[in-house]
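Student: Contents of run_12.cif (mmCIF, C-alpha atoms and all ligand atoms):
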```
data_input
loop_
_atom_site.label_atom_id
_atom_site.label_comp_id
_atom_site.auth_asym_id
_atom_site.auth_seq_id
_atom_site.Cartn_x
_atom_site.Cartn_y
_atom_site.Cartn_z
CA MET A 1053 72.64 52.16 86.37
CA THR A 1054 73.67 52.21 90.00
CA SER A 1055 76.21 49.51 89.34
CA ARG A 1056 77.71 51.45 86.47
CA LEU A 1057 77.91 54.60 88.58
CA ASN A 1058 79.61 52.63 91.31
CA ARG A 1059 82.14 51.29 88.88
CA LEU A 1060 82.79 54.80 87.63
CA ALA A 1061 83.19 56.04 91.19
CA VAL A 1062 85.63 53.25 91.96
CA ALA A 1063 87.61 53.98 88.82
CA PHE A 1064 87.71 57.67 89.64
CA LEU A 1065 88.80 57.00 93.20
CA ALA A 1066 91.53 54.66 92.02
CA THR A 1067 92.79 57.30 89.62
CA ALA A 1068 92.71 59.95 92.33
CA LEU A 1069 94.58 57.72 94.76
CA ALA A 1070 97.14 56.84 92.14
CA THR A 1071 97.71 60.53 91.49
CA VAL A 1072 98.09 61.23 95.18
CA GLY A 1073 100.39 58.26 95.51
CA VAL A 1074 102.68 59.57 92.82
CA THR A 1075 102.70 63.05 94.32
CA VAL A 1076 103.74 61.88 97.77
CA ALA A 1077 106.10 59.18 96.51
CA ASN A 1078 109.17 61.39 96.91
CA PRO A 1079 111.66 60.47 98.29
CA ALA A 1080 110.82 56.79 98.16
CA PRO A 1081 112.59 54.98 95.32
CA ALA A 1082 110.61 54.78 92.16
CA SER A 1083 109.12 51.37 91.52
CA ALA A 1084 108.13 49.46 88.42
CA ALA A 1085 105.83 51.26 85.99
CA MET A 1086 106.63 54.48 87.78
CA THR A 1087 105.44 57.91 86.83
CA ILE A 1088 108.20 60.40 87.48
CA CYS A 1089 106.74 63.84 87.97
CA TYR A 1090 109.13 66.56 86.99
CA ASN A 1091 108.71 70.17 88.01
CA THR A 1092 109.89 72.97 85.73
CA SER A 1093 108.80 75.93 87.87
CA GLN A 1094 112.48 76.84 88.32
CA ALA A 1095 113.56 75.87 84.81
CA GLY A 1096 112.76 79.19 83.14
CA SER A 1097 113.34 79.07 79.42
CA TYR A 1098 114.54 75.46 79.69
CA ALA A 1099 111.11 74.09 80.55
CA SER A 1100 110.46 73.21 76.92
CA VAL A 1101 113.87 71.50 76.73
CA ALA A 1102 112.91 69.45 79.76
CA ASN A 1103 109.71 68.44 77.99
CA GLN A 1104 111.69 67.33 74.94
CA SER A 1105 114.03 65.30 77.13
CA ALA A 1106 111.10 63.68 78.88
CA SER A 1107 109.67 62.64 75.52
CA ILE A 1108 113.01 61.17 74.49
CA TRP A 1109 113.21 59.08 77.66
CA ASN A 1110 109.56 58.07 77.45
CA ASN A 1111 110.03 56.89 73.87
CA ALA A 1112 113.28 55.07 74.62
CA THR A 1113 112.09 53.14 77.69
CA SER A 1114 109.14 50.93 78.36
CA ASN A 1115 108.14 51.10 82.00
CA LEU A 1116 108.50 54.62 83.23
CA THR A 1117 106.78 57.85 82.28
CA LEU A 1118 108.14 61.30 82.90
CA SER A 1119 105.21 63.65 83.30
CA ALA A 1120 105.29 67.43 83.64
CA ASN A 1121 104.28 69.28 86.75
CA CYS A 1122 102.21 66.55 88.41
CA GLY A 1123 104.52 66.54 91.41
CA SER A 1124 108.19 66.95 92.17
CA ASN A 1125 110.10 63.69 92.01
CA LEU A 1126 112.47 65.63 89.81
CA ARG A 1127 113.02 69.38 89.95
CA ILE A 1128 114.70 71.15 87.03
CA TYR A 1129 116.66 74.34 87.63
CA ARG A 1130 118.13 76.91 85.28
CA ILE A 1131 121.33 78.33 86.75
CA THR A 1132 124.20 80.49 85.53
CA GLY A 1133 127.75 79.39 86.30
CA GLY A 1134 129.03 76.48 88.31
CA GLY A 1135 128.34 73.85 85.69
CA SER A 1136 125.40 71.61 84.94
CA TYR A 1137 124.85 68.70 87.26
CA ALA A 1138 122.42 66.20 88.68
CA VAL A 1139 121.74 65.25 92.27
CA ARG A 1140 120.03 61.88 92.50
CA THR A 1141 118.57 61.17 95.93
CA SER A 1142 117.18 57.80 94.87
CA LEU A 1143 116.22 56.16 91.62
CA GLY A 1144 113.83 58.50 89.83
CA ASN A 1145 114.14 61.27 92.40
CA GLY A 1146 116.42 64.28 92.56
CA ARG A 1147 117.35 67.58 91.02
CA VAL A 1148 118.88 68.66 87.72
CA TYR A 1149 120.70 71.95 87.25
CA ILE A 1150 121.38 73.32 83.77
CA ASP A 1151 124.06 76.00 83.47
CA THR A 1152 123.29 78.67 80.90
CA GLN A 1153 127.01 79.13 80.21
CA GLN A 1154 127.44 75.47 79.27
CA ALA A 1155 124.19 75.53 77.34
CA ALA A 1156 125.70 78.28 75.21
CA GLN A 1157 128.53 75.93 74.20
CA TYR A 1158 126.98 72.48 74.17
CA SER A 1159 123.60 71.25 72.99
CA VAL A 1160 121.28 72.10 75.85
CA LEU A 1161 118.98 69.22 74.90
CA ARG A 1162 121.90 66.80 75.16
CA ILE A 1163 122.87 68.24 78.54
CA MET A 1164 119.30 68.00 79.81
CA THR A 1165 118.75 64.42 78.61
CA HIS A 1166 122.16 63.41 80.01
CA GLU A 1167 121.49 64.88 83.44
CA ILE A 1168 118.03 63.33 83.58
CA GLY A 1169 119.78 60.08 82.66
CA HIS A 1170 121.59 60.28 85.99
CA ILE A 1171 118.26 60.63 87.80
CA LEU A 1172 117.16 57.49 85.96
CA GLY A 1173 120.17 55.58 87.28
CA LEU A 1174 122.89 55.94 84.67
CA PRO A 1175 126.52 56.72 85.52
CA ASP A 1176 128.88 58.79 83.42
CA ASN A 1177 130.88 57.17 80.64
CA TYR A 1178 133.28 59.81 79.38
CA ASN A 1179 134.53 57.83 76.39
CA GLY A 1180 134.17 60.64 73.88
CA ASN A 1181 131.62 58.71 71.82
CA CYS A 1182 128.83 61.00 70.64
CA ALA A 1183 126.51 58.01 70.22
CA ILE A 1184 126.67 57.48 73.97
CA LEU A 1185 124.50 59.97 75.85
CA MET A 1186 126.38 59.52 79.10
CA SER A 1187 129.67 60.46 77.43
CA GLY A 1188 128.41 63.98 78.05
CA GLY A 1189 130.82 66.80 77.30
CA SER A 1190 133.66 64.39 76.48
CA ALA A 1191 132.19 64.10 72.98
CA GLY A 1192 132.86 67.79 72.41
CA THR A 1193 130.73 70.83 71.75
CA GLY A 1194 129.98 69.62 68.22
CA CYS A 1195 128.09 66.60 69.53
CA THR A 1196 124.40 67.38 69.67
CA ASN A 1197 123.05 63.82 69.99
CA PRO A 1198 120.34 63.92 72.67
CA TYR A 1199 119.36 60.24 72.47
CA PRO A 1200 120.45 57.42 74.77
CA SER A 1201 122.02 54.43 73.08
CA THR A 1202 120.04 51.20 73.03
CA ALA A 1203 122.20 49.87 75.85
CA GLU A 1204 121.65 52.99 77.94
CA ALA A 1205 117.90 52.91 77.39
CA ASN A 1206 117.75 49.20 78.16
CA ARG A 1207 119.67 49.74 81.39
CA VAL A 1208 117.09 52.31 82.54
CA THR A 1209 114.25 50.01 81.56
CA SER A 1210 115.86 47.22 83.58
CA LEU A 1211 116.34 49.43 86.61
CA PHE A 1212 112.70 50.49 86.59
CA ALA A 1213 111.53 46.96 85.94
CA GLY A 1214 113.01 46.05 89.29
CA THR A 1215 115.31 43.42 87.87
CA PHE A 1216 118.15 44.88 89.89
CA SER A 1217 118.26 44.45 93.63
CA ALA A 1218 116.83 47.03 95.99
CA THR A 1219 120.35 47.67 97.21
CA ASP A 1220 121.53 48.36 93.69
CA ARG A 1221 118.66 50.74 93.10
CA ASN A 1222 118.90 52.56 96.42
CA ALA A 1223 122.63 52.80 96.95
CA ASN A 1224 123.02 55.32 94.23
CA VAL A 1225 122.90 58.74 95.80
CA PHE A 1226 124.84 60.59 93.21
CA ARG A 1227 126.19 63.94 92.19
CA ASP A 1228 127.62 64.66 88.78
CA SER A 1229 128.98 67.66 86.96
CA TRP A 1230 129.12 68.15 83.23
CA PRO A 1231 132.78 68.75 82.32
CA SER A 1232 133.85 72.31 82.93
CA VAL A 1233 133.54 74.82 80.15
CA VAL A 1234 136.54 74.90 77.87
CA ALA A 1235 137.91 78.42 77.58
CA PRO A 1236 137.39 79.68 74.05
CA VAL A 1237 140.57 80.14 72.01
CA SER A 1238 141.07 83.82 71.37
ZN ZN B 1 127.07 63.22 83.78
#
```
Show me the file's structure as structure tokens.
Tutor:
Amino acid sequence: MTSRLNRLAVAFLATALATVGVTVANPAPASAAMTICYNTSQAGSYASVANQSASIWNNATSNLTLSANCGSNLRIYRITGGGSYAVRTSLGNGRVYIDTQQAAQYSVLRIMTHEIGHILGLPDNYNGNCAILMSGGSAGTGCTNPYPSTAEANRVTSLFAGTFSATDRNANVFRDSWPSVVAPVS
């Protein structure tokens, strides 16, 4: 009985320490099998969109988990004007800003998943292909695909598996803007 209680205590302590470790991990680069805690306290009505994007990334990758409001590796903001963008301070850490004006033109879920893609290490690829998540606004307002391609998802999985060098993973402070809003034809 005592032994079992001890084992339970050890398991609980390990879980508690792991939770604390994740919470204080920012701004250290995320490591393999990382939990990325995203914070939607500033996301307003886009909090549920952030949750959908997190599920998409969790389903598409194999060694990272985006988890809501367990910390603030990633902060999500709802803004108006200025464009949507991501600021990546290191792999798995940073801030995402979603512009309500762009969200009124483009799929907000695609914007959200794209910008989170930058936090996960992906660059832009404005080739106009709707099947490519990181083509962003270049695929036009009619493109609502919110899913990364297999290649994009595999790239993120590789980054978080640590198969790229520390330099590659760390030297990626990044800022991106979704293409500016196209003026409607009147
Ligand atoms: Zn982008």
Student: Measuring between only C-alpha atoms and all ligand atoms, which one of A:Pro1175, A:Gly1180, A:Pro1198, A:Gly1192 shows the shortest distance to ligand ZN 1 (chain B)?
Tutor: A:Pro1175
Student: List all protein, DNA and RNA residues that have any atom at most 10 Å from ligand ZN 1 (chain B), counting only C-alpha atoms and all ligand atoms, and write the list as a PyMOL selection string.
Tutor: chain A and resi 1136-1138+1163-1170+1174-1178+1185-1190+1227-1231
Student: So the first atom is atom CA of Val1148 of chain A and the second is atom CA of Ile1171 of chain A; what is the distance between them in Å, to one decimal place?
Tutor: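 Separation between atom CA of Val1148 of chain A and atom CA of Ile1171 of chain A: 8.1 Å.
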Student: Got a sec: who's within 12 Å of Ala1112 of chain A, counting only C-alpha atoms, leaving out chain neighbours fewer than 5 positions off, as a ChimeraX atom specification?
Tutor: /A:1105-1107,1117-1118,1165,1169,1198-1209
Student: Around (115.2, 75.3, 87.2) in the file's frame, which residues reach within 8 Å when counting only C-alpha atoms? Return as a CSV table (one decimal) with C-alpha atoms, in the coordinates of the input?
Tutor:
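And here is the file that came out, part16.csv:
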```
chain,number,residue,atom,x,y,z
A,1092,THR,CA,109.9,73.0,85.7
A,1093,SER,CA,108.8,75.9,87.9
A,1094,GLN,CA,112.5,76.8,88.3
A,1095,ALA,CA,113.6,75.9,84.8
A,1096,GLY,CA,112.8,79.2,83.1
A,1098,TYR,CA,114.5,75.5,79.7
A,1099,ALA,CA,111.1,74.1,80.6
A,1127,ARG,CA,113.0,69.4,90.0
A,1128,ILE,CA,114.7,71.2,87.0
A,1129,TYR,CA,116.7,74.3,87.6
A,1130,ARG,CA,118.1,76.9,85.3
A,1131,ILE,CA,121.3,78.3,86.8
A,1148,VAL,CA,118.9,68.7,87.7
A,1149,TYR,CA,120.7,72.0,87.2
A,1150,ILE,CA,121.4,73.3,83.8
```
Student: Report, in Å with one decimal, the straight-line distance from atom CA of Gly1146 of chain A to atom CA of Thr1196 of chain A.
Tutor: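 Pair atom CA of Gly1146 of chain A / atom CA of Thr1196 of chain A returns 24.4 Å.
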Student: Got a sec to check which residues sit within 9 Å of (103.5, 72.1, 88.2), counting only C-alpha atoms, and write them as a VMD selection string?
Tutor: chain A and resid 1089 to 1093 1120 to 1124
Student: My list of candidates is A:Thr1113, A:Asn1125, A:Ser1159, A:Ser1100. Which is closest to Ile1088 of chain A when distances are computed with all atoms listed in the file?
Tutor: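 The shortest atom-to-atom distance to Ile1088 of chain A comes from A:Asn1125.
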